[in-house]
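**Student:** Enclosed is the structure file protein_2.csv (CSV, C-alpha atoms and all ligand atoms).
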```
chain,number,residue,atom,x,y,z
P,299,MET,CA,23.7,1.0,-3.8
P,300,THR,CA,23.2,2.0,-0.2
P,301,THR,CA,19.8,1.7,1.5
P,302,PRO,CA,19.0,4.6,3.7
P,303,THR,CA,17.2,3.7,6.9
P,304,PRO,CA,13.5,4.0,6.0
P,305,ILE,CA,11.5,6.5,8.0
P,306,THR,CA,9.0,4.8,10.2
P,307,THR,CA,5.8,5.9,11.8
P,308,SER,CA,3.8,4.6,14.7
P,309,ALA,CA,0.5,3.3,13.6
P,310,PRO,CA,-1.9,6.0,14.7
P,311,ALA,CA,-3.6,4.9,17.9
P,312,PRO,CA,-7.2,4.5,16.9
P,313,THR,CA,-9.9,5.1,19.4
P,314,ALA,CA,-12.6,2.5,19.4
P,315,GLY,CA,-15.5,3.7,17.3
P,316,LEU,CA,-13.5,6.6,15.9
P,317,ALA,CA,-15.1,8.1,12.9
P,318,PRO,CA,-12.8,7.6,9.9
P,319,THR,CA,-12.8,11.3,9.2
P,320,ALA,CA,-11.7,12.1,12.8
P,321,ASP,CA,-8.0,13.1,13.3
P,322,PRO,CA,-6.0,9.8,14.0
P,323,THR,CA,-3.4,11.5,16.2
P,324,PRO,CA,-0.9,12.6,13.5
P,325,SER,CA,1.6,13.6,16.2
P,326,THR,CA,2.7,9.9,16.4
P,327,LEU,CA,4.3,10.4,13.0
P,328,ASP,CA,7.9,11.0,13.7
P,329,THR,CA,8.7,12.2,10.2
P,330,PRO,CA,10.3,15.5,9.3
P,331,ALA,CA,7.5,18.0,8.7
P,332,ALA,CA,5.1,16.4,6.3
P,333,ALA,CA,3.8,19.7,5.0
P,334,GLY,CA,5.3,20.5,1.7
P,335,ARG,CA,6.3,17.0,1.0
P,336,ARG,CA,5.0,15.1,-2.0
P,337,VAL,CA,3.9,11.6,-1.3
P,338,LEU,CA,3.2,8.9,-3.9
P,339,THR,CA,2.0,5.4,-3.2
P,340,GLY,CA,-0.4,3.0,-4.7
P,341,ASP,CA,-1.8,-0.5,-5.1
P,342,ARG,CA,-2.5,-3.1,-7.8
P,343,PRO,CA,-6.1,-3.5,-8.6
P,344,THR,CA,-6.2,-7.2,-8.1
P,345,GLY,CA,-8.8,-7.6,-5.4
P,346,ARG,CA,-10.0,-6.1,-2.1
P,347,LEU,CA,-7.5,-4.4,0.2
P,348,HIS,CA,-7.1,-6.2,3.5
P,349,LEU,CA,-6.2,-5.3,7.0
P,350,GLY,CA,-2.5,-5.7,6.4
P,351,HIS,CA,-2.8,-2.9,3.8
P,352,TYR,CA,-5.0,-0.9,6.2
P,353,PHE,CA,-2.7,-1.0,9.2
P,354,GLY,CA,0.5,-1.1,7.1
P,355,THR,CA,-0.1,1.8,4.8
P,356,LEU,CA,-3.6,3.2,4.4
P,357,GLN,CA,-3.6,4.8,7.8
P,358,ASN,CA,-0.3,6.4,7.1
P,359,ARG,CA,-1.6,8.0,3.9
P,360,VAL,CA,-4.5,9.6,5.7
P,361,CYS,CA,-2.2,10.7,8.5
P,362,LEU,CA,0.2,12.3,6.0
P,363,GLN,CA,-2.6,14.1,4.2
P,364,ARG,CA,-3.9,15.5,7.5
P,365,MET,CA,-0.4,16.8,8.2
P,366,GLY,CA,-0.3,18.7,5.0
P,367,ALA,CA,1.5,16.5,2.6
P,368,GLU,CA,0.4,16.5,-1.0
P,369,LEU,CA,-0.8,13.0,-1.8
P,370,PHE,CA,-0.7,11.1,-5.1
P,371,VAL,CA,-2.2,7.6,-5.1
P,372,VAL,CA,-1.7,5.4,-8.2
P,373,VAL,CA,-4.0,2.5,-9.1
P,374,ALA,CA,-1.3,0.4,-10.7
P,375,ASP,CA,-3.4,-1.3,-13.4
P,376,TYR,CA,-0.5,-2.1,-15.8
P,377,GLN,CA,1.2,-3.8,-12.9
P,378,VAL,CA,-1.6,-6.3,-12.6
P,379,ILE,CA,-0.3,-8.2,-15.7
P,380,THR,CA,3.1,-8.8,-14.3
P,381,ASP,CA,2.3,-12.3,-13.0
P,382,ARG,CA,-0.9,-13.1,-14.9
P,383,ASP,CA,-2.1,-13.0,-18.5
P,384,LEU,CA,-5.3,-11.1,-18.0
P,385,ALA,CA,-6.3,-8.2,-15.8
P,386,ASP,CA,-9.5,-9.9,-14.4
P,387,ARG,CA,-12.4,-7.6,-13.5
P,388,LEU,CA,-10.2,-4.6,-13.7
P,389,ALA,CA,-12.9,-1.9,-13.6
P,390,GLU,CA,-14.5,-3.5,-10.6
P,391,HIS,CA,-11.2,-3.8,-8.7
P,392,THR,CA,-10.2,-0.3,-9.6
P,393,GLU,CA,-13.4,1.1,-8.2
P,394,GLY,CA,-13.0,-1.1,-5.1
P,395,LEU,CA,-9.6,0.5,-4.5
P,396,VAL,CA,-11.0,4.0,-4.8
P,397,LEU,CA,-13.8,3.0,-2.4
P,398,ASP,CA,-11.2,1.7,0.1
P,399,TYR,CA,-9.2,5.0,-0.2
P,400,LEU,CA,-12.2,7.3,0.2
P,401,ALA,CA,-13.7,5.3,3.0
P,402,THR,CA,-10.5,5.3,5.1
P,403,GLY,CA,-10.3,9.1,4.7
P,404,ILE,CA,-8.3,10.0,1.7
P,405,ASP,CA,-9.8,13.3,0.5
P,406,PRO,CA,-10.1,13.4,-3.3
P,407,ASP,CA,-10.3,17.2,-3.3
P,408,ARG,CA,-6.7,17.3,-2.0
P,409,ALA,CA,-5.3,14.0,-3.2
P,410,THR,CA,-4.7,12.9,-6.8
P,411,ILE,CA,-6.0,9.4,-7.3
P,412,PHE,CA,-5.3,8.0,-10.8
P,413,ALA,CA,-4.7,4.9,-12.9
P,414,HIS,CA,-1.2,4.9,-14.4
P,415,SER,CA,-2.6,3.5,-17.7
P,416,ALA,CA,-4.4,6.9,-18.1
P,417,VAL,CA,-1.2,8.9,-18.0
P,418,PRO,CA,0.8,8.5,-21.3
P,419,ALA,CA,3.7,10.7,-20.3
P,420,LEU,CA,4.3,8.7,-17.1
P,421,ASN,CA,4.6,5.6,-19.3
P,422,GLN,CA,6.9,7.2,-21.7
P,423,LEU,CA,9.4,7.9,-18.9
P,424,MET,CA,9.9,4.2,-18.7
P,425,LEU,CA,12.0,4.2,-21.9
P,426,PRO,CA,14.9,6.5,-20.8
P,427,PHE,CA,14.6,5.0,-17.3
P,428,LEU,CA,15.2,1.4,-18.7
P,429,SER,CA,18.4,2.6,-20.1
P,430,LEU,CA,19.7,3.5,-16.6
P,431,VAL,CA,19.5,0.0,-15.1
P,432,SER,CA,21.4,-3.1,-16.0
P,433,VAL,CA,19.8,-6.5,-16.7
P,434,ALA,CA,22.0,-7.9,-13.8
P,435,GLU,CA,20.5,-5.3,-11.4
P,436,LEU,CA,17.0,-6.2,-12.5
P,437,GLY,CA,17.8,-9.9,-12.0
P,438,ARG,CA,18.9,-9.3,-8.4
P,439,ASN,CA,15.7,-7.6,-7.2
P,440,PRO,CA,14.6,-9.9,-4.3
P,441,THR,CA,10.9,-8.9,-4.4
P,442,VAL,CA,10.7,-9.7,-8.1
P,443,LYS,CA,12.5,-13.0,-7.5
P,444,ASP,CA,10.0,-13.9,-4.8
P,445,GLU,CA,7.1,-13.0,-7.0
P,446,ILE,CA,8.5,-15.1,-9.9
P,447,ALA,CA,8.9,-18.1,-7.5
P,448,HIS,CA,5.3,-17.7,-6.2
P,449,SER,CA,3.7,-17.1,-9.6
P,450,GLY,CA,4.1,-20.8,-10.5
P,451,ARG,CA,4.6,-19.8,-14.1
P,452,SER,CA,7.3,-21.3,-16.3
P,453,VAL,CA,7.7,-18.1,-18.4
P,454,VAL,CA,8.7,-14.8,-17.0
P,455,SER,CA,7.5,-11.8,-19.0
P,456,GLY,CA,9.6,-8.8,-19.8
P,457,LEU,CA,7.1,-6.7,-17.8
P,458,MET,CA,7.6,-8.8,-14.7
P,459,PHE,CA,11.3,-8.3,-14.9
P,460,THR,CA,11.1,-4.6,-15.5
P,461,TYR,CA,8.1,-3.4,-13.5
P,462,PRO,CA,10.2,-1.9,-10.8
P,463,VAL,CA,11.5,0.6,-13.4
P,464,HIS,CA,7.9,1.3,-14.3
P,465,GLN,CA,7.2,1.8,-10.6
P,466,ALA,CA,10.1,4.3,-10.6
P,467,ALA,CA,8.2,6.2,-13.2
P,468,ASP,CA,5.1,6.1,-11.0
P,469,ILE,CA,7.2,7.7,-8.2
P,470,LEU,CA,9.4,10.1,-10.2
P,471,PHE,CA,6.9,11.5,-12.7
P,472,CYS,CA,5.5,13.6,-9.9
P,473,LYS,CA,8.8,14.0,-8.1
P,474,ALA,CA,7.6,12.4,-5.0
P,475,ASP,CA,10.0,12.5,-2.1
P,476,LEU,CA,8.2,10.2,0.3
P,477,VAL,CA,6.7,6.8,-0.5
P,478,PRO,CA,4.6,5.0,2.2
P,479,VAL,CA,5.0,1.2,1.5
P,480,GLY,CA,5.4,-2.2,3.0
P,481,ARG,CA,8.8,-3.7,3.6
P,482,ASP,CA,8.6,-5.8,0.4
P,483,GLN,CA,8.7,-2.7,-1.6
P,484,LEU,CA,12.1,-1.4,-0.4
P,485,PRO,CA,14.0,-3.0,-3.3
P,486,HIS,CA,11.8,-1.1,-5.7
P,487,LEU,CA,12.5,2.2,-3.8
P,488,ASP,CA,16.2,1.4,-4.4
P,489,VAL,CA,15.5,1.2,-8.1
P,490,ALA,CA,13.7,4.5,-8.1
P,491,ARG,CA,16.6,6.2,-6.2
P,492,THR,CA,19.1,4.6,-8.6
P,493,VAL,CA,17.2,5.8,-11.6
P,494,ALA,CA,16.8,9.3,-10.2
P,495,ARG,CA,20.5,9.6,-9.3
P,496,ARG,CA,21.8,8.2,-12.6
P,497,PHE,CA,19.5,10.4,-14.7
P,498,ASN,CA,20.6,13.5,-12.8
P,499,GLU,CA,24.3,12.5,-13.2
P,500,ARG,CA,24.1,11.5,-16.8
P,501,TYR,CA,22.1,14.5,-18.0
P,502,GLY,CA,23.5,17.0,-15.6
P,503,ALA,CA,20.1,18.0,-14.5
P,504,GLY,CA,18.8,18.0,-10.9
P,505,ILE,CA,15.4,17.1,-12.1
P,506,PHE,CA,14.6,14.2,-9.8
P,507,PRO,CA,14.5,14.0,-6.0
P,508,HIS,CA,15.7,10.9,-4.1
P,509,PRO,CA,12.5,9.4,-2.8
P,510,GLU,CA,12.5,7.9,0.8
P,511,ALA,CA,10.4,5.0,2.0
P,512,LEU,CA,8.0,5.5,4.8
P,513,LEU,CA,7.4,2.3,6.8
P,514,SER,CA,4.7,1.8,9.3
P,515,GLU,CA,5.9,0.8,12.8
P,516,ALA,CA,2.9,-1.5,13.0
P,517,PRO,CA,4.6,-5.0,13.0
P,518,LEU,CA,3.7,-7.0,9.9
P,519,LEU,CA,0.2,-8.4,10.4
P,520,PRO,CA,0.0,-12.1,9.6
P,521,GLY,CA,-3.0,-13.7,8.0
P,522,THR,CA,-5.5,-16.0,9.8
P,523,ASP,CA,-3.1,-19.0,9.2
P,524,GLY,CA,-0.2,-17.2,10.9
P,525,LYS,CA,1.6,-16.7,7.6
P,526,LYS,CA,1.9,-13.5,5.5
P,527,MET,CA,-1.5,-11.9,4.9
P,528,SER,CA,-2.1,-11.9,1.2
P,529,LYS,CA,-5.1,-11.7,-1.1
P,530,SER,CA,-4.0,-14.8,-3.0
P,531,ARG,CA,-3.5,-17.0,0.1
P,532,GLY,CA,-7.1,-16.9,1.3
P,533,ASN,CA,-5.9,-15.9,4.8
P,534,ALA,CA,-6.8,-12.2,4.5
P,535,ILE,CA,-9.6,-10.2,6.1
P,536,ALA,CA,-10.7,-7.6,3.6
P,537,LEU,CA,-11.5,-4.0,4.7
P,538,ALA,CA,-14.7,-4.4,2.8
P,539,ALA,CA,-15.7,-7.7,4.4
P,540,ASP,CA,-18.9,-7.6,6.4
P,541,GLU,CA,-19.1,-8.4,10.1
P,542,ASP,CA,-20.2,-12.0,9.6
P,543,GLU,CA,-17.5,-12.7,7.1
P,544,THR,CA,-15.0,-11.2,9.5
P,545,ALA,CA,-16.3,-13.3,12.4
P,546,ARG,CA,-16.1,-16.5,10.2
P,547,LEU,CA,-12.5,-15.8,9.1
P,548,ILE,CA,-11.4,-15.2,12.6
P,549,ARG,CA,-13.2,-18.2,13.9
P,550,GLY,CA,-11.3,-20.3,11.3
P,551,ALA,CA,-7.9,-18.9,12.3
P,552,THR,CA,-5.1,-21.3,13.2
P,553,THR,CA,-4.5,-21.2,17.0
P,554,ASP,CA,-3.4,-23.8,19.6
P,555,ALA,CA,-4.8,-25.6,22.6
P,556,ASP,CA,-2.9,-23.7,25.3
P,557,ARG,CA,-5.6,-21.9,27.3
P,558,ARG,CA,-3.2,-19.3,28.7
P,559,ILE,CA,-3.0,-16.6,26.0
P,560,GLY,CA,0.4,-14.9,25.6
P,561,TYR,CA,2.1,-12.9,22.9
P,562,ASP,CA,4.8,-15.0,21.3
P,563,PRO,CA,5.1,-14.4,17.5
P,564,VAL,CA,7.7,-17.1,17.1
P,565,ALA,CA,6.3,-20.0,19.1
P,566,ARG,CA,2.6,-19.2,18.6
P,567,PRO,CA,2.3,-17.2,15.3
P,568,GLY,CA,-1.5,-17.8,15.0
P,569,VAL,CA,-2.3,-16.6,18.5
P,570,ALA,CA,0.1,-13.7,18.1
P,571,GLY,CA,-1.5,-12.6,14.8
P,572,LEU,CA,-5.0,-12.4,16.4
P,573,LEU,CA,-3.6,-10.5,19.4
P,574,LEU,CA,-1.9,-8.0,17.1
P,575,LEU,CA,-5.0,-7.5,15.1
P,576,ALA,CA,-7.1,-6.9,18.2
P,577,ALA,CA,-4.4,-4.6,19.6
P,578,LEU,CA,-4.1,-2.5,16.4
P,579,SER,CA,-7.9,-2.2,16.3
P,580,GLN,CA,-8.1,-1.0,19.8
P,581,GLY,CA,-4.9,1.2,19.9
P,582,ARG,CA,-3.4,-1.1,22.6
P,583,THR,CA,-0.4,-3.4,22.8
P,584,PRO,CA,-0.8,-7.2,22.1
P,585,GLU,CA,0.5,-7.8,25.6
P,586,GLN,CA,-2.4,-5.8,27.1
P,587,VAL,CA,-4.9,-7.8,25.0
P,588,ALA,CA,-3.3,-11.1,26.1
P,589,GLU,CA,-3.4,-10.0,29.7
P,590,GLU,CA,-7.1,-9.3,29.4
P,591,ILE,CA,-7.9,-12.7,27.9
P,592,GLY,CA,-5.8,-14.5,30.5
P,593,ASP,CA,-6.6,-18.2,30.4
P,594,GLY,CA,-9.8,-17.7,28.3
P,595,GLY,CA,-8.2,-19.8,25.5
P,596,ALA,CA,-8.6,-19.5,21.7
P,597,ALA,CA,-12.4,-19.1,21.9
P,598,LYS,CA,-12.2,-16.0,24.0
P,599,LEU,CA,-9.3,-14.6,21.9
P,600,LYS,CA,-11.3,-15.0,18.7
P,601,ARG,CA,-14.4,-13.4,20.3
P,602,VAL,CA,-12.4,-10.4,21.5
P,603,THR,CA,-10.6,-10.0,18.2
P,604,THR,CA,-13.7,-10.2,16.1
P,605,GLU,CA,-15.4,-7.5,18.3
P,606,ALA,CA,-12.4,-5.3,18.2
P,607,VAL,CA,-12.0,-5.4,14.4
P,608,ASN,CA,-15.7,-5.0,13.6
P,609,GLU,CA,-16.0,-2.1,16.0
P,610,HIS,CA,-13.0,-0.3,14.6
P,611,LEU,CA,-14.1,-0.8,11.0
P,612,ARG,CA,-17.8,-0.2,11.5
P,613,PRO,CA,-17.7,3.5,10.5
P,614,ILE,CA,-15.3,2.9,7.6
P,615,ARG,CA,-17.4,0.1,6.3
P,616,ALA,CA,-20.6,2.2,6.6
P,617,ARG,CA,-19.0,5.0,4.6
P,618,ARG,CA,-17.7,2.6,2.0
P,619,ALA,CA,-21.2,1.2,1.5
P,620,GLU,CA,-22.6,4.7,1.1
P,621,LEU,CA,-19.9,5.6,-1.5
P,622,ALA,CA,-20.4,2.4,-3.4
P,623,ALA,CA,-23.9,3.5,-4.2
P,624,ASP,CA,-22.6,6.3,-6.4
P,625,ARG,CA,-20.4,4.8,-9.1
P,626,ALA,CA,-20.5,7.9,-11.2
P,627,HIS,CA,-18.7,9.7,-8.4
P,628,LEU,CA,-15.9,7.1,-8.3
P,629,ARG,CA,-15.4,7.5,-12.1
P,630,GLU,CA,-15.3,11.3,-11.6
P,631,VAL,CA,-12.6,11.0,-8.9
P,632,LEU,CA,-10.5,8.9,-11.3
P,633,ASN,CA,-11.1,11.3,-14.2
P,634,VAL,CA,-10.2,14.4,-12.2
P,635,GLY,CA,-7.1,12.5,-10.8
P,636,ALA,CA,-6.0,11.5,-14.3
P,637,GLU,CA,-6.3,15.1,-15.5
P,638,ARG,CA,-4.1,16.4,-12.7
P,639,ALA,CA,-1.6,13.5,-13.1
P,640,ASN,CA,-1.4,14.2,-16.8
P,641,ALA,CA,-0.6,17.8,-16.3
P,642,VAL,CA,2.2,16.9,-13.9
P,643,ALA,CA,3.6,14.1,-16.1
P,644,ASP,CA,3.6,16.2,-19.2
P,645,ALA,CA,5.7,18.9,-17.4
P,646,THR,CA,8.2,16.3,-16.2
P,647,LEU,CA,8.5,14.6,-19.5
P,648,ALA,CA,9.1,18.0,-21.2
P,649,GLU,CA,12.0,18.6,-18.7
P,650,VAL,CA,13.4,15.1,-19.3
P,651,ARG,CA,13.3,15.6,-23.1
P,652,ARG,CA,15.0,19.0,-22.8
P,653,ALA,CA,17.7,17.6,-20.5
P,654,MET,CA,18.3,14.8,-23.0
P,655,GLY,CA,18.5,17.2,-25.9
P,656,SER,CA,15.5,15.8,-27.7
P,657,ALA,CA,13.3,18.9,-27.3
D,701,LIG,N1,4.0,-2.6,-6.2
D,701,LIG,C1,3.1,-2.0,-5.3
D,701,LIG,C2,2.4,-3.2,-4.6
D,701,LIG,O1,2.3,-4.3,-5.1
D,701,LIG,C3,2.1,-1.1,-6.0
D,701,LIG,C4,2.7,0.1,-6.6
D,701,LIG,C5,2.7,0.4,-7.9
D,701,LIG,C6,3.4,1.1,-5.9
D,701,LIG,N2,3.4,1.6,-8.1
D,701,LIG,C7,3.8,2.1,-6.9
D,701,LIG,C8,3.7,1.4,-4.6
D,701,LIG,C9,4.5,3.2,-6.6
D,701,LIG,C10,4.4,2.5,-4.3
D,701,LIG,C11,4.9,3.4,-5.3
D,701,LIG,O2,1.9,-3.0,-3.5
```
Please re-express this file's structure in C-alpha cells.
Ligand code: TRP
**Tutor:**
Amino acid sequence: MTTPTPITTSAPAPTAGLAPTADPTPSTLDTPAAAGRRVLTGDRPTGRLHLGHYFGTLQNRVCLQRMGAELFVVVADYQVITDRDLADRLAEHTEGLVLDYLATGIDPDRATIFAHSAVPALNQLMLPFLSLVSVAELGRNPTVKDEIAHSGRSVVSGLMFTYPVHQAADILFCKADLVPVGRDQLPHLDVARTVARRFNERYGAGIFPHPEALLSEAPLLPGTDGKKMSKSRGNAIALAADEDETARLIRGATTDADRRIGYDPVARPGVAGLLLLAALSQGRTPEQVAEEIGDGGAAKLKRVTTEAVNEHLRPIRARRAELAADRAHLREVLNVGAERANAVADATLAEVRRAMGSA
C-alpha cells in the first residue's frame, strides 16, 4: 500500500473580527480546482468540537465549499460506540455538531449534512467492503491501535476493529474524491483507497474513485497542557465555550517561568501552544506574536491569547447561539441531509449489486 502525499492547505488567514460568512481567502488553498470535486468529511458526536477541529478541518470545509466543491458532512453516530458501550447524550451531541457546522459557515442549502445511521444503503456497503480487507491489515491500523490503547478497556469489540471499513463506506457511498481530515485519519484513508481499488479490480467495475486526504497546513494545535488537544483529556477549548470559560482555560494553561516569550514547540510546548493559538486567531505567525509579547512573561501571553481567541470567535459564537434557539431547524437540516444522502447511497448500492451480479 503506498500513501500518496496528502494535499495540504494553508489555514485561511482570518482577519480579526471577520464575520464567519465573509470569504476566508480561499486563494490560500493550493488544491487542484475545488470546483466539481466531491468532498466528504465528518465527526463523531461525542461532545463539543474544539479549536483543534476548527483550525484543523472546519475552516477547510468552509473554504472548499466557497470554492465550489460539493460538500458531504457525516455525523458519525455509529462510530461513537467503538470505544464505549453507550452513545451518551447522542441527540444533544449531534445537534451540537450541526450547530458548530452552521455557525462556522457550512451552508446547509449546498452541503449535505447527515447521520450515517439514517442511511441504510451506506451501512450495507460495509458487508462487501469487509470482504476486501484482511484481519491482518485491520490489526495493523496505527490509529485503531492507539485508540485501543487509550480506551483502557480489556475487551476490543468487532466494531472497534472494523470501523475504518465502515468509514470507507462513509467516504465511498458518495464517491468522494477529497477528504479533509487530521493526520490521525490518514491510515483510514488508506483503507478507503484499498477498498476502492480492490472492489474495482475484483468486479471489473470503475465504480469507486481513489479519495485523497486534504490536510490543513496549520500545525497541530496542542491543548492547554501542551499535549494533544482532545475532548477526553480536559485540555481543549470548545468552539462553543463562552468568553469566561475560554479565559479560565487559558489562564490554567501550563507555561513556564521564563519571562522572555519565544516560539519553541520542543523545549516549551505550553508556551508554543498558546502562541500558535493566538497566531491562528489573528492570521499571524507565532513568532510575530512572541515578538509582540517580548519579555511580558506568561501572564501577558495568556492575556493576548485570550483576547485573540475570543475576538476571532465572537461572531461565530453569536451565530451559534442564534441557531441554537431553533432546534426544529437543526432537525430539518439533518432530515433533508438524510434524504439526499439516501438517494446517493441507494444509487451506489444498486451499482455495487449489479457489479457483483446480485441485481
Ligand atoms: N473518524 C473520524 C474522527 O474521529 C470521523 C469520521 C467518520 C470521518 N467518518 C468519516 C472522517 C469519514 C472523514 C471521513 O474524526
**Student:** What separation in Å, quoted to one decimal, exists between atom CA of Ile446 of chain P and atom CA of Arg491 of chain P?
**Tutor:**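 Result for atom CA of Ile446 of chain P versus atom CA of Arg491 of chain P: 23.1 Å, one decimal.
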**Student:** Counting all atoms listed in the file, figure out which residue out of P:Val360, P:Leu430, P:Ile469, P:Val453 gets nearest to ligand LIG 701 (chain D).
**Tutor:**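 Distance minimum relative to ligand LIG 701 (chain D) lands on P:Ile469.
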**Student:** Which one is closest to ligand LIG 701 (chain D): P:Leu349, P:Ala374, P:Leu400, P:Ala616? Count only C-alpha atoms and all ligand atoms.
**Tutor:** P:Ala374
**Student:** May I ask which of the residues P:Arg557, P:Arg387, P:Arg495, P:Lys473 is the closest one to ligand LIG 701 (chain D), counting only C-alpha atoms and all ligand atoms?
**Tutor:**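 Closest residue, counting only C-alpha atoms and all ligand atoms: P:Lys473.
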**Student:** Measuring between all atoms listed in the file, which one of P:Glu445, P:Glu435, P:Ala474, P:Thr522 shows the shortest distance to Pro507 of chain P?
**Tutor:**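 Among the listed residues, the smallest separation from Pro507 of chain P belongs to P:Ala474.
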**Student:** Quick one: residues within 9 Å of ligand LIG 701 (chain D), with only C-alpha atoms and all ligand atoms, as a VMD selection string?
**Tutor:** chain P and resid 338 to 343 351 371 to 378 414 461 to 462 464 to 469 477 to 480 482 to 483 486 to 487
**Student:** Please measure the separation of atom CA of Arg549 of chain P and atom CA of Ala570 of chain P, giving the value in Å to one decimal.
**Tutor:**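 One can read the atom CA of Arg549 of chain P to atom CA of Ala570 of chain P distance as 14.7 Å.
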**Student:** Nearest to Ala385 of chain P among P:Gly345, P:Gly568, P:Ile535, P:Ser432, with distances taken over only C-alpha atoms: which residue is it?
**Tutor:** P:Gly345
**Student:** Have a look at P:Leu537, P:Lys526, P:Val431, P:Leu599 and name the one nearest to Leu356 of chain P; count only C-alpha atoms.
**Tutor:**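 Result for the nearest residue to Leu356 of chain P: P:Leu537.
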**Student:** If you measure from atom CA of Lys525 of chain P to atom CA of Gly403 of chain P, what distance in Å do you get, rounded to one decimal?
**Tutor:** 28.6 Å
**Student:** Using all atoms listed in the file, which protein or nucleic acid residues come within 10 Å of Gln363 of chain P? Drop anything in the same chain fewer than 2 positions from it, and give the result as a tab-separated table (two decimals) with C-alpha atoms, keeping the file's coordinate frame.
**Tutor:**
```tsv
chain	number	residue	atom	x	y	z
P	324	PRO	CA	-0.90	12.60	13.50
P	332	ALA	CA	5.10	16.40	6.30
P	333	ALA	CA	3.80	19.70	5.00
P	335	ARG	CA	6.30	17.00	1.00
P	336	ARG	CA	5.00	15.10	-2.00
P	337	VAL	CA	3.90	11.60	-1.30
P	358	ASN	CA	-0.30	6.40	7.10
P	359	ARG	CA	-1.60	8.00	3.90
P	360	VAL	CA	-4.50	9.60	5.70
P	361	CYS	CA	-2.20	10.70	8.50
P	365	MET	CA	-0.40	16.80	8.20
P	366	GLY	CA	-0.30	18.70	5.00
P	367	ALA	CA	1.50	16.50	2.60
P	368	GLU	CA	0.40	16.50	-1.00
P	369	LEU	CA	-0.80	13.00	-1.80
P	370	PHE	CA	-0.70	11.10	-5.10
P	403	GLY	CA	-10.30	9.10	4.70
P	404	ILE	CA	-8.30	10.00	1.70
P	405	ASP	CA	-9.80	13.30	0.50
P	408	ARG	CA	-6.70	17.30	-2.00
P	409	ALA	CA	-5.30	14.00	-3.20
```
**Student:** Name the residues in contact with Gly394 of chain P at a cut-off of 8 Å, using all atoms listed in the file, excluding same-chain residues fewer than 3 positions from it; report them as a list of chain:residue names.
**Tutor:**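 Near Gly394 of chain P, the qualifying residues are P:Gly345, P:Arg346, P:Glu390, P:His391, P:Leu397, P:Asp398.
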**Student:** I'd like the neighbourhood of Gly595 of chain P as a list in words, where a residue qualifies if any of its atoms comes within 8 Å (using only C-alpha atoms), though same-chain residues fewer than 6 positions away should be ignored.
**Tutor:**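 Close residues of Gly595 of chain P: Ala555, Asp556, Arg557, Arg558 and Ile559 of chain P.
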**Student:** Could you give me, as a PyMOL selection string, the residues that sit within 12 Å of (-4.1, -9.0, 30.9) in the file's coordinates, counting only C-alpha atoms?
**Tutor:** chain P and resi 558-561+573+582-594+599
**Student:** Anything within 6 Å of (-4.5, -18.8, 20.2): list those residues as a JSON list (two decimals) with C-alpha atoms, in the frame of the given file, counting all atoms listed in the file and sticking to the file's coordinates.
**Tutor:**
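Saved the output as point34.json:
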```
[["chain", "number", "residue", "atom", "x", "y", "z"],
["P", 553, "THR", "CA", -4.50, -21.20, 17.00],
["P", 554, "ASP", "CA", -3.40, -23.80, 19.60],
["P", 569, "VAL", "CA", -2.30, -16.60, 18.50],
["P", 596, "ALA", "CA", -8.60, -19.50, 21.70]]
```
**Student:** Generate the missing atoms of segment 351-359 of chain P up to N, CA, C and O atoms and report them as a compact mmCIF listing (two decimals), in the frame of the given file.
**Tutor:**
```txt
# COMPACT_ATOMS: atom_id res chain seq x y z
N HIS P 351 -2.93 -4.15 4.54
CA HIS P 351 -2.80 -2.90 3.80
C HIS P 351 -3.26 -1.72 4.74
O HIS P 351 -2.65 -0.66 4.79
N TYR P 352 -4.37 -1.97 5.39
CA TYR P 352 -5.00 -0.90 6.20
C TYR P 352 -4.05 -0.41 7.28
O TYR P 352 -3.75 0.77 7.39
N PHE P 353 -3.58 -1.37 8.11
CA PHE P 353 -2.70 -1.00 9.20
C PHE P 353 -1.29 -0.67 8.74
O PHE P 353 -0.55 0.06 9.39
N GLY P 354 -0.91 -1.25 7.61
CA GLY P 354 0.50 -1.10 7.10
C GLY P 354 0.66 0.22 6.36
O GLY P 354 1.69 0.87 6.51
N THR P 355 -0.30 0.63 5.54
CA THR P 355 -0.10 1.80 4.80
C THR P 355 -1.26 2.80 4.62
O THR P 355 -1.08 4.01 4.60
N LEU P 356 -2.48 2.27 4.57
CA LEU P 356 -3.60 3.20 4.40
C LEU P 356 -3.70 4.24 5.46
O LEU P 356 -3.91 5.42 5.20
N GLN P 357 -3.56 3.81 6.71
CA GLN P 357 -3.60 4.80 7.80
C GLN P 357 -2.56 5.84 7.71
O GLN P 357 -2.81 7.01 8.00
N ASN P 358 -1.38 5.42 7.29
CA ASN P 358 -0.30 6.40 7.10
C ASN P 358 -0.61 7.44 6.07
O ASN P 358 -0.26 8.60 6.22
N ARG P 359 -1.24 7.00 4.99
CA ARG P 359 -1.60 8.00 3.90
C ARG P 359 -2.48 9.05 4.43
O ARG P 359 -2.29 10.23 4.13
```
